[in-house]
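Enquirer: Below you'll find target.txt; it's compact mmCIF, C-alpha atoms.
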```txt
# COMPACT_ATOMS: atom_id res chain seq x y z
CA MET A 1 0.00 0.00 0.00
CA LYS A 2 2.79 2.41 0.89
CA ASN A 3 4.52 1.74 -2.45
CA SER A 4 1.30 2.66 -4.28
CA LYS A 5 1.14 6.04 -2.51
CA ASN A 6 4.76 6.75 -3.44
CA LYS A 7 4.04 5.94 -7.09
CA LYS A 8 1.07 8.32 -7.08
CA LYS A 9 3.20 11.08 -5.54
CA TYR A 10 5.94 10.41 -8.08
CA TRP A 11 3.56 10.62 -11.05
CA PHE A 12 1.90 13.71 -9.64
CA LEU A 13 5.30 15.42 -9.39
CA VAL A 14 6.29 14.34 -12.90
CA ILE A 15 3.03 15.65 -14.37
CA PHE A 16 3.25 18.86 -12.33
CA PHE A 17 6.80 19.61 -13.53
CA CYS A 18 5.85 18.84 -17.13
CA ILE A 19 2.96 21.29 -16.92
CA VAL A 20 5.12 23.95 -15.29
CA ASN A 21 7.89 23.47 -17.85
CA THR A 22 5.43 23.63 -20.75
CA ALA A 23 3.73 26.70 -19.33
CA SER A 24 7.02 28.50 -18.86
CA TYR A 25 7.81 28.19 -22.55
CA ALA A 26 4.31 28.33 -23.97
CA GLN A 27 3.52 29.72 -27.37
CA ILE A 28 2.06 33.19 -27.56
CA ASN A 29 0.12 32.58 -30.79
CA PHE A 30 1.06 35.89 -32.37
CA GLU A 31 -1.55 37.70 -34.46
CA ASP A 32 1.05 39.11 -36.85
CA ARG A 33 1.30 36.49 -39.61
CA ASN A 34 5.06 36.88 -39.97
CA LEU A 35 5.68 36.27 -36.27
CA ALA A 36 3.01 33.54 -36.21
CA ILE A 37 4.60 31.36 -38.89
CA LEU A 38 8.01 31.58 -37.25
CA GLU A 39 6.54 30.67 -33.89
CA LYS A 40 4.74 27.68 -35.38
CA VAL A 41 7.93 26.49 -37.04
CA ALA A 42 9.92 26.96 -33.83
CA PHE A 43 7.43 25.24 -31.52
CA THR A 44 5.84 22.55 -33.67
CA THR A 45 8.38 21.29 -36.19
CA SER A 46 11.59 19.32 -36.21
CA TYR A 47 14.18 18.63 -38.88
CA LYS A 48 12.15 15.56 -39.87
CA THR A 49 8.76 17.32 -40.04
CA ILE A 50 9.49 20.82 -41.32
CA LYS A 51 9.16 20.04 -45.03
CA GLY A 52 5.66 18.62 -44.59
CA PHE A 53 4.62 21.46 -42.26
CA MET A 54 5.82 24.12 -44.67
CA LYS A 55 4.09 22.44 -47.61
CA GLU A 56 0.82 22.39 -45.63
CA ASN A 57 1.25 26.14 -45.09
CA ASN A 58 1.78 26.88 -48.80
CA TYR A 59 5.57 27.21 -48.69
CA SER A 60 7.58 25.47 -51.37
CA PHE A 61 10.89 23.80 -50.57
CA GLN A 62 13.80 25.58 -52.28
CA GLU A 63 17.04 24.04 -51.06
CA GLU A 64 18.99 22.46 -48.24
CA ASN A 65 22.62 23.29 -47.64
CA GLU A 66 25.26 22.77 -45.00
CA ASN A 67 27.34 25.48 -43.39
CA GLU A 68 29.18 26.37 -40.21
CA ILE A 69 28.51 28.91 -37.47
CA GLU A 70 31.49 30.30 -35.64
CA LEU A 71 31.30 29.81 -31.88
CA PRO A 72 32.72 32.28 -29.35
CA ASN A 73 35.62 29.91 -28.53
CA ASP A 74 36.85 29.93 -32.16
CA ALA A 75 35.26 26.54 -32.78
CA PHE A 76 32.59 25.89 -35.39
CA LEU A 77 29.14 24.35 -35.25
CA GLU A 78 28.09 22.39 -38.34
CA VAL A 79 24.56 23.35 -39.36
CA VAL A 80 22.07 22.62 -42.08
CA TYR A 81 19.74 25.27 -43.56
CA LEU A 82 16.43 24.46 -45.20
CA GLU A 83 14.97 27.24 -47.30
CA PHE A 84 11.31 27.70 -48.27
CA LYS A 85 9.58 30.22 -50.53
CA GLY A 86 6.34 31.66 -49.17
CA PRO A 87 3.04 32.65 -50.74
CA ILE A 88 3.66 36.38 -50.16
CA GLY A 89 7.15 36.41 -51.65
CA ASN A 90 8.92 35.84 -48.37
CA THR A 91 11.64 33.30 -47.70
CA ILE A 92 11.89 31.25 -44.52
CA ALA A 93 15.10 29.49 -43.62
CA ALA A 94 15.31 27.08 -40.69
CA CYS A 95 18.72 26.31 -39.28
CA TYR A 96 19.42 23.05 -37.45
CA ASP A 97 22.42 21.65 -35.63
CA LYS A 98 23.63 19.07 -38.14
CA LYS A 99 24.64 16.58 -35.43
CA ASP A 100 21.55 16.66 -33.22
CA LYS A 101 19.08 18.14 -35.74
CA ALA A 102 18.00 20.62 -33.04
CA LEU A 103 16.55 23.95 -34.13
CA ILE A 104 19.06 26.77 -33.84
CA GLY A 105 17.01 29.49 -35.44
CA VAL A 106 14.34 30.26 -38.01
CA PHE A 107 14.54 33.34 -40.19
CA ASN A 108 11.87 35.09 -42.25
CA GLN A 109 13.00 37.45 -45.02
CA ILE A 110 10.16 39.69 -46.09
CA ALA A 111 10.25 41.90 -49.16
CA ALA A 112 9.03 45.50 -48.81
CA ILE A 113 7.47 45.07 -45.35
CA ASN A 114 9.11 46.60 -42.33
CA THR A 115 9.00 45.08 -38.87
CA VAL A 116 7.16 47.94 -37.11
CA PHE A 117 3.94 45.95 -36.63
CA CYS A 118 5.92 42.96 -35.35
CA GLU A 119 7.65 45.21 -32.82
CA ILE A 120 4.32 46.67 -31.66
CA GLN A 121 3.04 43.17 -30.95
CA LEU A 122 6.27 42.22 -29.16
CA LYS A 123 5.86 45.28 -26.91
CA ASP A 124 2.20 44.36 -26.32
CA GLU A 125 3.32 40.86 -25.28
CA ASN A 126 5.83 42.35 -22.79
CA PHE A 127 9.01 41.49 -24.68
CA LYS A 128 11.95 43.72 -23.76
CA ILE A 129 14.76 44.93 -26.01
CA ILE A 130 17.99 43.38 -24.75
CA ASP A 131 20.25 44.54 -27.56
CA GLU A 132 19.81 47.30 -30.11
CA SER A 133 21.91 48.58 -32.98
CA GLU A 134 21.25 50.35 -36.25
CA ASP A 135 20.86 46.88 -37.78
CA GLY A 136 18.01 45.85 -35.52
CA LYS A 137 16.74 44.82 -32.13
CA LEU A 138 16.95 41.65 -30.10
CA TRP A 139 13.87 41.00 -27.95
CA SER A 140 13.49 38.69 -24.98
CA LYS A 141 10.90 37.64 -22.43
CA SER A 142 11.82 35.47 -19.46
CA SER A 143 8.86 33.12 -19.94
CA TYR A 144 9.53 32.60 -23.66
CA LYS A 145 11.93 30.01 -25.04
CA TYR A 146 13.22 32.05 -27.99
CA GLN A 147 14.75 35.45 -28.44
CA ILE A 148 13.34 37.37 -31.39
CA GLY A 149 15.33 39.58 -33.72
CA THR A 150 13.79 42.36 -35.77
CA ASP A 151 15.56 44.09 -38.63
CA GLY A 152 16.13 47.82 -38.29
CA SER A 153 17.46 48.57 -41.73
CA ASP A 154 15.86 50.75 -44.37
CA GLU A 155 16.45 48.08 -46.98
CA LYS A 156 13.66 46.67 -49.12
CA ILE A 157 14.12 43.28 -47.46
CA HIS A 158 13.46 42.94 -43.75
CA ARG A 159 14.21 40.01 -41.48
CA LEU A 160 12.59 38.48 -38.45
CA MET A 161 14.24 35.68 -36.58
CA PHE A 162 13.57 33.34 -33.70
CA ILE A 163 16.82 32.42 -32.00
CA SER A 164 17.04 29.19 -30.02
CA PRO A 165 18.78 28.91 -26.64
CA ILE A 166 21.38 26.65 -28.31
CA HIS A 167 22.36 29.38 -30.79
CA PRO A 168 25.82 30.83 -29.98
CA ASP A 169 24.48 34.41 -30.03
CA TYR A 170 21.51 33.69 -27.75
CA ILE A 171 23.13 34.91 -24.55
CA LYS A 172 24.17 38.55 -24.78
```
Give the structure from the file, written as structure tokens.
Expert:
Amino acid sequence: MKNSKNKKKYWFLVIFFCIVNTASYAQINFEDRNLAILEKVAFTTSYKTIKGFMKENNYSFQEENENEIELPNDAFLEVVYLEFKGPIGNTIAACYDKKDKALIGVFNQIAAINTVFCEIQLKDENFKIIDESEDGKLWSKSSYKYQIGTDGSDEKIHRLMFISPIHPDYIK
């Protein structure tokens, strides 16, 4: 009988910590379509499922290529990029750690749309700017798994990005 009570306590604790962990990194479900698609990619896809997910969302697969990201200790991380063309002329590239196939970041390049509306929604969702330059802003929220980068350039192509905690530039 005592063993049964311990099992119940154990499973209660496991379920409780799973709920707490999930809640601490829960999706926001952004209204802005450019933020929304990146969030869906970041939270619901993996290297194995991204092609099917993007096809379901009217993005066509363009290419997959391998590269390296320089780490702060002068080492390199081998990565693989998958690029998709969107229905509004945008391009989304998802970057994965080649070894573990873990998401490092997902980038949305948008032609002729600036990121002002994205930034308004980030402010409304209580994200804070943790780094700012003339090139853009890096946003963070303690209860959100990803940092979000917004492009600050006056170019005709603007970028949004979700940066994973395993990305070398995540911690500033």
Enquirer: Please build the interface table for range 50-121 of chain A against range 138-162 of chain A with a cut-off of 10 Å, listing for each qualifying residue the nearest atom pair and the distance in Å to one decimal; count all atoms listed in the file, order rows by chain and increasing number, and write it as CSV.
Expert:
```
residue,atom,partner,partner_atom,distance
A:Asn90,CA,A:Ile157,CA,9.1
A:Thr91,CA,A:Arg159,CA,9.5
A:Ile92,CA,A:Met161,CA,9.4
A:Ala93,CA,A:Met161,CA,9.4
A:Ala94,CA,A:Phe162,CA,9.5
A:Leu103,CA,A:Phe162,CA,9.9
A:Ile104,CA,A:Phe162,CA,8.6
A:Gly105,CA,A:Phe162,CA,5.4
A:Val106,CA,A:Phe162,CA,5.4
A:Phe107,CA,A:Met161,CA,4.3
A:Asn108,CA,A:Leu160,CA,5.1
A:Gln109,CA,A:Arg159,CA,4.5
A:Ile110,CA,A:His158,CA,5.2
A:Ala111,CA,A:Ile157,CA,4.4
A:Ala112,CA,A:Lys156,CA,4.8
A:Ile113,CA,A:His158,CA,6.6
A:Asn114,CA,A:His158,CA,5.9
A:Thr115,CA,A:Thr150,CA,6.3
A:Val116,CA,A:Thr150,CA,8.8
A:Cys118,CA,A:Thr150,CA,7.9
A:Glu119,CA,A:Thr150,CA,7.4
```
Enquirer: Which residue is closest to Val41 in chain A? Choose from A:Val79, A:Ile166, A:Ile28, A:Met54 and count all atoms listed in the file.
Expert: A:Met54
Enquirer: Could you state the separation of CA of Asn29 in chain A and CA of Asn126 in chain A in Å, given to one decimal place?
Expert: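 Result for CA of Asn29 in chain A versus CA of Asn126 in chain A: 13.9 Å, one decimal.
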Enquirer: Quick one, how far is CA of Ala75 in chain A from CA of Ile163 in chain A?
Expert: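 It comes out at 19.4 Å.
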Enquirer: Work out how far CA of His167 in chain A is from CA of Ala102 in chain A, in Å to one decimal.
Expert: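 Calculated distance between CA of Ala102 in chain A and CA of His167 in chain A is 10.0 Å.
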Enquirer: Could you check which of A:Gly52, A:Lys98, A:Lys85, A:Glu31 is closest to Leu122 in chain A, using only C-alpha atoms?
Expert: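 Looking only at the distances to Leu122 in chain A, the closest residue turns out to be A:Glu31.
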